[in-house]
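**Student:** Enclosed is the structure file start-v9.cif (mmCIF, C-alpha atoms).
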data_coords
#
loop_
_atom_site.group_PDB
_atom_site.id
_atom_site.type_symbol
_atom_site.label_atom_id
_atom_site.label_comp_id
_atom_site.auth_asym_id
_atom_site.auth_seq_id
_atom_site.Cartn_x
_atom_site.Cartn_y
_atom_site.Cartn_z
ATOM 1 C CA MET S 250 74.352 -116.000 132.382
ATOM 2 C CA CYS S 251 77.985 -117.021 133.015
ATOM 3 C CA ILE S 252 79.018 -118.479 136.393
ATOM 4 C CA GLY S 253 82.370 -116.507 136.645
ATOM 5 C CA SER S 254 80.881 -113.147 135.827
ATOM 6 C CA PRO S 255 79.624 -111.078 138.739
ATOM 7 C CA ALA S 256 75.996 -110.912 139.404
ATOM 8 C CA LYS S 257 74.234 -107.730 138.409
ATOM 9 C CA GLY S 258 73.578 -106.656 142.074
ATOM 10 C CA ASP S 259 77.236 -107.171 143.111
ATOM 11 C CA GLN S 260 78.546 -103.978 141.372
ATOM 12 C CA PRO S 261 77.100 -101.436 143.860
ATOM 13 C CA MET S 262 78.394 -103.591 146.749
ATOM 14 C CA GLU S 263 81.861 -103.577 145.190
ATOM 15 C CA MET S 264 81.854 -99.798 144.915
ATOM 16 C CA PHE S 265 80.588 -99.492 148.477
ATOM 17 C CA LEU S 266 83.411 -101.684 149.797
ATOM 18 C CA MET S 267 85.945 -99.717 147.800
ATOM 19 C CA VAL S 268 84.706 -96.437 149.290
ATOM 20 C CA VAL S 269 84.843 -97.977 152.787
ATOM 21 C CA CYS S 270 88.393 -99.198 152.193
ATOM 22 C CA MET S 271 89.516 -95.807 150.864
ATOM 23 C CA SER S 272 87.920 -94.055 153.833
ATOM 24 C CA LEU S 273 89.672 -96.371 156.268
ATOM 25 C CA LEU S 274 92.964 -95.834 154.458
ATOM 26 C CA GLY S 275 92.501 -92.037 154.594
ATOM 27 C CA LEU S 276 91.613 -92.214 158.249
ATOM 28 C CA GLY S 277 94.740 -94.240 158.959
ATOM 29 C CA VAL S 278 96.984 -91.821 157.072
ATOM 30 C CA THR S 279 95.402 -88.897 158.919
ATOM 31 C CA ALA S 280 95.901 -90.606 162.265
ATOM 32 C CA LEU S 281 99.557 -91.273 161.456
ATOM 33 C CA ALA S 282 100.119 -87.671 160.361
ATOM 34 C CA PHE S 283 98.444 -86.362 163.487
ATOM 35 C CA GLY S 284 100.587 -88.607 165.658
ATOM 36 C CA ALA S 285 103.762 -87.485 163.911
ATOM 37 C CA ALA S 286 102.810 -83.831 164.263
ATOM 38 C CA THR S 287 102.002 -83.992 167.963
ATOM 39 C CA LYS S 288 104.862 -86.241 169.081
ATOM 40 C CA PRO S 289 107.701 -83.606 169.228
ATOM 41 C CA VAL S 290 105.496 -81.109 171.079
ATOM 42 C CA GLU S 291 104.822 -83.628 173.767
ATOM 43 C CA GLU S 292 108.541 -84.308 174.140
ATOM 44 C CA GLU S 293 109.402 -80.612 174.388
ATOM 45 C CA THR S 294 106.908 -80.057 177.174
ATOM 46 C CA LYS S 295 108.362 -82.870 179.211
ATOM 47 C CA PRO S 296 110.442 -81.525 182.136
ATOM 48 C CA LEU S 297 114.174 -82.046 181.808
ATOM 49 C CA PRO S 298 115.862 -84.327 184.293
ATOM 50 C CA GLU S 299 117.548 -82.477 187.158
ATOM 51 C CA GLN S 300 121.074 -83.386 186.074
ATOM 52 C CA VAL S 301 120.465 -82.028 182.547
ATOM 53 C CA ARG S 302 118.878 -78.765 183.663
ATOM 54 C CA GLU S 303 121.384 -75.896 183.602
ATOM 55 C CA PRO S 304 121.030 -72.468 185.222
ATOM 56 C CA ILE S 305 119.937 -69.786 182.786
ATOM 57 C CA GLU S 306 122.225 -66.768 182.784
ATOM 58 C CA VAL S 307 120.377 -63.457 182.639
ATOM 59 C CA VAL S 308 122.505 -60.522 181.531
ATOM 60 C CA VAL S 309 121.663 -57.519 183.722
ATOM 61 C CA PRO S 310 123.560 -54.219 183.403
ATOM 62 C CA THR S 311 125.736 -53.658 186.427
ATOM 63 C CA ARG S 312 124.713 -50.794 188.711
ATOM 64 C CA PHE S 313 126.311 -49.382 191.795
ATOM 65 C CA PHE S 314 122.939 -48.726 193.367
ATOM 66 C CA ALA S 315 120.580 -51.530 192.487
ATOM 67 C CA ASP S 316 117.455 -49.752 193.738
ATOM 68 C CA THR S 317 117.937 -46.599 191.702
ATOM 69 C CA PRO S 318 116.288 -46.722 188.302
ATOM 70 C CA ALA S 319 118.502 -46.696 185.279
ATOM 71 C CA PRO S 320 118.861 -43.206 183.809
ATOM 72 C CA PRO S 321 117.306 -42.659 180.394
ATOM 73 C CA LEU S 322 119.623 -43.224 177.486
ATOM 74 C CA SER S 323 120.126 -39.631 176.529
ATOM 75 C CA ARG S 324 122.974 -37.150 176.673
ATOM 76 C CA PRO S 325 125.370 -37.698 179.566
ATOM 77 C CA ARG S 326 124.549 -35.405 182.475
ATOM 78 C CA VAL S 327 127.273 -32.775 182.667
ATOM 79 C CA PRO S 328 128.108 -31.070 185.978
ATOM 80 C CA ILE S 329 126.306 -27.785 186.620
ATOM 81 C CA GLU S 330 129.555 -25.788 186.489
ATOM 82 C CA ALA S 331 130.367 -27.265 183.096
ATOM 83 C CA LEU S 332 126.824 -26.558 181.901
ATOM 84 C CA LEU S 333 127.046 -22.910 183.020
ATOM 85 C CA LEU S 334 130.369 -22.588 181.196
ATOM 86 C CA GLN S 335 128.722 -24.054 178.104
ATOM 87 C CA ILE S 336 125.931 -21.468 178.403
ATOM 88 C CA ASP S 337 128.517 -18.665 178.803
ATOM 89 C CA ASN S 338 130.357 -19.932 175.769
ATOM 90 C CA HIS S 339 127.116 -20.246 173.810
ATOM 91 C CA VAL S 340 126.152 -16.622 174.618
ATOM 92 C CA ARG S 341 129.592 -15.334 173.561
ATOM 93 C CA LEU S 342 129.447 -17.270 170.290
ATOM 94 C CA GLU S 343 125.897 -16.119 169.610
ATOM 95 C CA GLN S 344 126.840 -12.519 170.384
ATOM 96 C CA ALA S 345 129.828 -12.756 168.034
ATOM 97 C CA ALA S 346 127.596 -14.239 165.323
ATOM 98 C CA ALA S 347 124.994 -11.488 165.828
ATOM 99 C CA GLU S 348 127.739 -8.817 165.681
ATOM 100 C CA SER S 349 129.002 -10.319 162.421
ATOM 101 C CA PHE S 350 125.479 -10.055 161.049
ATOM 102 C CA LEU S 351 125.211 -6.406 162.130
ATOM 103 C CA GLU S 352 128.579 -5.622 160.491
ATOM 104 C CA SER S 353 127.324 -6.794 157.107
ATOM 105 C CA PRO S 354 123.674 -7.868 157.277
ATOM 106 C CA SER S 355 122.803 -10.900 155.159
ATOM 107 C CA VAL S 356 120.514 -13.902 155.515
ATOM 108 C CA ALA S 357 123.494 -16.270 155.490
ATOM 109 C CA LEU S 358 125.198 -14.452 158.368
ATOM 110 C CA LEU S 359 121.967 -14.147 160.325
ATOM 111 C CA HIS S 360 121.563 -17.919 160.358
ATOM 112 C CA SER S 361 125.233 -18.874 160.403
ATOM 113 C CA ARG S 362 126.097 -21.854 162.602
ATOM 114 C CA THR S 363 128.407 -21.639 165.595
ATOM 115 C CA ILE S 364 130.435 -24.375 167.282
ATOM 116 C CA SER S 365 128.358 -24.111 170.465
ATOM 117 C CA PRO S 366 127.725 -27.601 171.907
ATOM 118 C CA LEU S 367 124.310 -26.452 173.132
ATOM 119 C CA VAL S 368 122.880 -26.394 169.624
ATOM 120 C CA HIS S 369 124.448 -29.627 168.358
ATOM 121 C CA MET Q 16 136.149 12.594 184.306
ATOM 122 C CA ALA Q 17 136.375 15.114 187.149
ATOM 123 C CA LEU Q 18 132.715 14.363 187.900
ATOM 124 C CA GLY Q 19 133.434 10.671 188.269
ATOM 125 C CA THR Q 20 134.569 8.592 191.200
ATOM 126 C CA ARG Q 21 136.900 5.647 190.738
ATOM 127 C CA ILE Q 22 135.558 2.420 192.254
ATOM 128 C CA ILE Q 23 137.578 -0.762 192.624
ATOM 129 C CA VAL Q 24 135.428 -3.846 192.123
ATOM 130 C CA PRO Q 25 137.242 -6.941 193.416
ATOM 131 C CA SER Q 26 136.937 -10.199 191.502
ATOM 132 C CA GLY Q 27 133.598 -11.907 192.087
ATOM 133 C CA THR Q 28 131.975 -8.775 193.560
ATOM 134 C CA GLU Q 29 128.632 -7.367 192.440
ATOM 135 C CA LEU Q 30 128.628 -3.847 191.004
ATOM 136 C CA PHE Q 31 124.840 -3.624 190.914
ATOM 137 C CA GLY Q 32 121.919 -6.006 191.240
ATOM 138 C CA LEU Q 33 118.831 -6.677 189.159
ATOM 139 C CA GLY Q 34 116.016 -4.309 190.121
ATOM 140 C CA ALA Q 35 118.207 -2.110 192.315
ATOM 141 C CA PRO Q 36 117.777 1.683 192.067
ATOM 142 C CA ALA Q 37 120.001 2.944 189.265
ATOM 143 C CA THR Q 38 121.610 6.122 190.534
ATOM 144 C CA ARG Q 39 124.982 5.864 188.799
ATOM 145 C CA ILE Q 40 126.351 5.053 185.372
ATOM 146 C CA PHE Q 41 129.784 3.416 185.053
ATOM 147 C CA VAL Q 42 132.619 3.530 182.559
ATOM 148 C CA ILE Q 43 134.974 0.563 182.746
ATOM 149 C CA GLU Q 44 138.565 1.643 183.113
ATOM 150 C CA ARG Q 45 140.224 -1.737 183.698
ATOM 151 C CA GLY Q 46 139.068 -5.324 183.907
ATOM 152 C CA ARG Q 47 135.681 -6.664 182.794
ATOM 153 C CA ILE Q 48 132.027 -6.585 183.823
ATOM 154 C CA ARG Q 49 129.633 -9.484 183.342
ATOM 155 C CA LEU Q 50 125.990 -8.606 182.834
ATOM 156 C CA THR Q 51 123.766 -11.501 183.804
ATOM 157 C CA LEU Q 52 120.120 -12.445 184.212
ATOM 158 C CA PRO Q 53 118.702 -15.135 186.492
ATOM 159 C CA MET Q 54 117.668 -18.362 184.783
ATOM 160 C CA GLN Q 55 116.385 -21.709 186.050
ATOM 161 C CA VAL Q 56 119.035 -24.337 185.342
ATOM 162 C CA ARG Q 57 118.161 -27.838 186.607
ATOM 163 C CA GLY Q 58 115.718 -26.435 189.116
ATOM 164 C CA ALA Q 59 118.119 -23.911 190.590
ATOM 165 C CA GLN Q 60 118.421 -20.204 189.877
ATOM 166 C CA GLU Q 61 121.689 -19.394 188.160
ATOM 167 C CA ASP Q 62 123.096 -16.147 186.792
ATOM 168 C CA VAL Q 63 123.428 -16.594 183.065
ATOM 169 C CA LEU Q 64 125.674 -14.343 181.024
ATOM 170 C CA VAL Q 65 123.846 -11.915 178.783
ATOM 171 C CA GLU Q 66 126.640 -9.561 177.842
ATOM 172 C CA GLU Q 67 130.216 -8.808 178.792
ATOM 173 C CA ARG Q 68 131.691 -5.315 178.749
ATOM 174 C CA SER Q 69 135.366 -4.364 178.533
ATOM 175 C CA PRO Q 70 137.460 -1.204 179.210
ATOM 176 C CA GLY Q 71 136.150 1.957 177.553
ATOM 177 C CA GLN Q 72 132.569 0.667 177.510
ATOM 178 C CA THR Q 73 129.683 1.872 179.657
ATOM 179 C CA VAL Q 74 127.383 -0.096 181.916
ATOM 180 C CA GLY Q 75 124.347 0.985 183.877
ATOM 181 C CA TRP Q 76 122.638 3.352 181.462
ATOM 182 C CA SER Q 77 119.404 2.538 183.305
ATOM 183 C CA ALA Q 78 120.556 5.382 185.597
ATOM 184 C CA LEU Q 79 119.655 7.852 182.836
ATOM 185 C CA ILE Q 80 116.336 6.340 181.778
ATOM 186 C CA PRO Q 81 113.118 6.013 183.798
ATOM 187 C CA PRO Q 82 112.181 4.096 185.903
ATOM 188 C CA TYR Q 83 115.873 4.212 186.996
ATOM 189 C CA ARG Q 84 116.132 0.527 187.900
ATOM 190 C CA PHE Q 85 118.856 -1.840 186.785
ATOM 191 C CA THR Q 86 117.531 -4.508 184.435
ATOM 192 C CA LEU Q 87 120.604 -6.748 184.750
ATOM 193 C CA LYS Q 88 123.031 -7.855 187.399
ATOM 194 C CA ALA Q 89 126.638 -6.676 186.994
ATOM 195 C CA THR Q 90 129.598 -8.521 188.495
ATOM 196 C CA ALA Q 91 133.333 -8.369 188.011
ATOM 197 C CA PRO Q 92 134.875 -11.715 186.970
ATOM 198 C CA LEU Q 93 138.306 -10.243 187.771
ATOM 199 C CA ASP Q 94 139.611 -7.197 189.627
ATOM 200 C CA THR Q 95 138.033 -4.257 187.815
ATOM 201 C CA ASP Q 96 138.178 -0.467 188.043
ATOM 202 C CA VAL Q 97 135.197 1.638 187.003
ATOM 203 C CA ILE Q 98 134.495 5.370 186.992
ATOM 204 C CA ALA Q 99 131.061 6.051 188.502
ATOM 205 C CA PHE Q 100 128.983 9.093 187.527
ATOM 206 C CA SER Q 101 125.957 9.938 189.613
ATOM 207 C CA ARG Q 102 122.793 10.782 187.697
ATOM 208 C CA GLU Q 103 122.282 14.062 189.588
ATOM 209 C CA ASP Q 104 125.828 15.291 188.963
ATOM 210 C CA LEU Q 105 125.701 14.200 185.336
ATOM 211 C CA ASN Q 106 122.315 15.833 184.689
ATOM 212 C CA ARG Q 107 123.468 19.063 186.266
ATOM 213 C CA PHE Q 108 126.643 19.090 184.209
ATOM 214 C CA LEU Q 109 124.925 18.198 180.952
ATOM 215 C CA ALA Q 110 122.237 20.824 181.507
ATOM 216 C CA ALA Q 111 124.985 23.391 181.948
ATOM 217 C CA ASN Q 112 126.874 22.113 178.876
ATOM 218 C CA PRO Q 113 124.262 21.352 176.191
ATOM 219 C CA GLU Q 114 126.824 20.521 173.498
ATOM 220 C CA THR Q 115 128.346 17.853 175.711
ATOM 221 C CA GLY Q 116 124.817 16.758 176.645
ATOM 222 C CA TYR Q 117 123.961 16.359 172.976
ATOM 223 C CA ALA Q 118 127.076 14.225 172.377
ATOM 224 C CA VAL Q 119 126.336 12.092 175.425
ATOM 225 C CA ALA Q 120 122.700 11.655 174.331
ATOM 226 C CA LEU Q 121 123.856 10.535 170.875
ATOM 227 C CA ASN Q 122 126.326 8.076 172.399
ATOM 228 C CA LEU Q 123 123.666 6.759 174.721
ATOM 229 C CA ALA Q 124 121.274 6.282 171.800
ATOM 230 C CA ALA Q 125 124.049 4.441 169.949
ATOM 231 C CA VAL Q 126 124.666 2.134 172.912
ATOM 232 C CA ILE Q 127 120.965 1.368 173.320
ATOM 233 C CA GLY Q 128 120.406 0.994 169.570
ATOM 234 C CA GLN Q 129 123.410 -1.324 169.204
ATOM 235 C CA ARG Q 130 122.200 -3.499 172.040
ATOM 236 C CA LEU Q 131 118.681 -3.580 170.608
ATOM 237 C CA GLN Q 132 119.941 -4.683 167.196
ATOM 238 C CA LEU Q 133 122.271 -7.228 168.750
ATOM 239 C CA PHE Q 134 119.539 -8.803 170.832
ATOM 240 C CA GLN Q 135 117.119 -8.660 167.934
ATOM 241 C CA ALA Q 136 119.539 -10.750 165.870
ATOM 242 C CA MET Q 137 120.244 -13.123 168.767
ATOM 243 C CA TRP Q 138 116.531 -13.540 169.425
ATOM 244 C CA LEU Q 139 115.844 -14.340 165.786
ATOM 245 C CA ARG Q 140 118.639 -16.924 165.748
ATOM 246 C CA GLU Q 141 117.129 -18.613 168.795
ATOM 247 C CA MET Q 142 113.644 -18.446 167.252
ATOM 248 C CA GLN Q 143 115.008 -20.101 164.123
ATOM 249 C CA ARG Q 144 116.277 -22.976 166.253
ATOM 250 C CA VAL Q 145 112.939 -23.254 168.082
ATOM 251 C CA VAL Q 146 111.154 -23.457 164.732
ATOM 252 C CA GLU Q 147 113.616 -26.066 163.451
ATOM 253 C CA LEU Q 148 113.169 -28.153 166.613
ATOM 254 C CA SER Q 149 109.383 -27.926 166.524
ATOM 255 C CA CYS Q 150 109.318 -28.953 162.856
ATOM 256 C CA ALA Q 151 111.818 -31.788 163.331
#
What does this structure look like when you write it as structure tokens?
**Tutor:**
Amino acid sequence: MCIGSPAKGDQPMEMFLMVVCMSLLGLGVTALAFGAATKPVEEETKPLPEQVREPIEVVVPTRFFADTPAPPLSRPRVPIEALLLQIDNHVRLEQAAAESFLESPSVALLHSRTISPLVH
Amino acid sequence: MALGTRIIVPSGTELFGLGAPATRIFVIERGRIRLTLPMQVRGAQEDVLVEERSPGQTVGWSALIPPYRFTLKATAPLDTDVIAFSREDLNRFLAANPETGYAVALNLAAVIGQRLQLFQAMWLREMQRVVELSCA
């Protein structure tokens, strides 16, 4: 048996130490990665100093009457007189279209479009 | 025309109302007559135009047909002159003059038939739109 050569029982010990070293190295790398990942989050949650904090501008649509709810975004509400005139106009146009159909009945004339704003 | 009575209907005045007893038929001599029906517009009852009649045309043929009640409201949008014929006078005259009665009956049938066809077409056009909206 040579003096410089490792003893026969030293080989499992060597492997064991290597595994321990690798595990410690892995643990260290993991700890470093964890620290790097959590560091910015901690900074973000820190409250800003008073002099740095700026007021946040909230854009709110201007209203003349703040308590009244905003109307739904649909067609603009026309005055009743204008609406009645539109209805009158619609009836006249529809009557003219129906008369055209009766003059020379055809499917195209029966379903012809008018310029009435009530149907557009 | 000797049977008739000229009536001046000032602008904005009602000639007859919906559901009123129909005792007279009218021929428009000058101006215009709006025939309207009540309709709910934004929660309020409004008179909505159904038909508009001009000089030479007749309004109020409900006076000749049972149950002798007007089915529309008639107003004058501008100063209008009409010739009014009472049902009793007209019936008496037509009974005494059957040839004239026959001509009047044919004209009346034409007026009613034309209105029926007109409204039939208008109704179908509206139904088409309802169908298009419901399928949209």
**Student:** Would you mind listing, as a PyMOL selection string, all residues of chain Q that have at least one atom within 12 Å of chain S, where all atoms listed in the file are what counts?
**Tutor:** chain Q and resi 49-68+128-145+147-148
**Student:** Would you mind telling me which residue in Q:Val74, Q:Ala110, Q:Arg47, Q:Arg21 lies nearest to Leu123 in chain Q when using all atoms listed in the file?
**Tutor:**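 Of Q:Val74, Q:Ala110, Q:Arg47, Q:Arg21, the one nearest Leu123 in chain Q is Q:Val74, counting all atoms listed in the file.
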**Student:** Could you expand the PyMOL selection byres ((chain Q and resi 85) around 12) into the explicit residues it covers here, written as a ChimeraX atom specification?
**Tutor:** /Q:30-40,50-52,74-84,86-89
**Student:** Kindly give the distance, in Å, that separates CA of Arg102 in chain Q and CA of Ile127 in chain Q, rounded to a single decimal.
**Tutor:**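 Calculated distance between CA of Arg102 in chain Q and CA of Ile127 in chain Q is 17.3 Å.
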**Student:** Provide the CA of Thr20 in chain Q to CA of Thr73 in chain Q distance in Å, to one decimal place.
**Tutor:**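 Atom-to-atom, CA of Thr20 in chain Q to CA of Thr73 in chain Q, that is 14.2 Å.
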**Student:** Quick check, in Å to one decimal: how far apart do CA of Leu93 in chain Q and CA of Arg45 in chain Q lie?
**Tutor:**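 Between these atoms lies a distance of 9.6 Å.
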**Student:** Set up a box along x, y and z of the file covering all listed atoms of range 74-92 of chain Q, add 4 Å on every one of the six sides, and write the centre and edge lengths in Å to one decimal, as lines of an AutoDock Vina configuration file.
**Tutor:**
center_x = 123.5
center_y = -1.9
center_z = 185.0
size_x = 30.7
size_y = 27.6
size_z = 15.0
**Student:** When the PyMOL selection byres ((chain Q and resi 92) around 6) is applied to the structure above, which residues does it catch, written out as a list in words?
**Tutor:**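 Applying the PyMOL selection byres ((chain Q and resi 92) around 6) to the structure shown produces Ser26, Gly27, Ala91 and Leu93 of chain Q.
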**Student:** Given the choices Q:Asn112, Q:Ala17, Q:Phe41, Q:Val146, which gets closest to Phe100 in chain Q if the distance is worked out from only C-alpha atoms?
**Tutor:**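 For Phe100 in chain Q, the nearest of the candidates is Q:Phe41.
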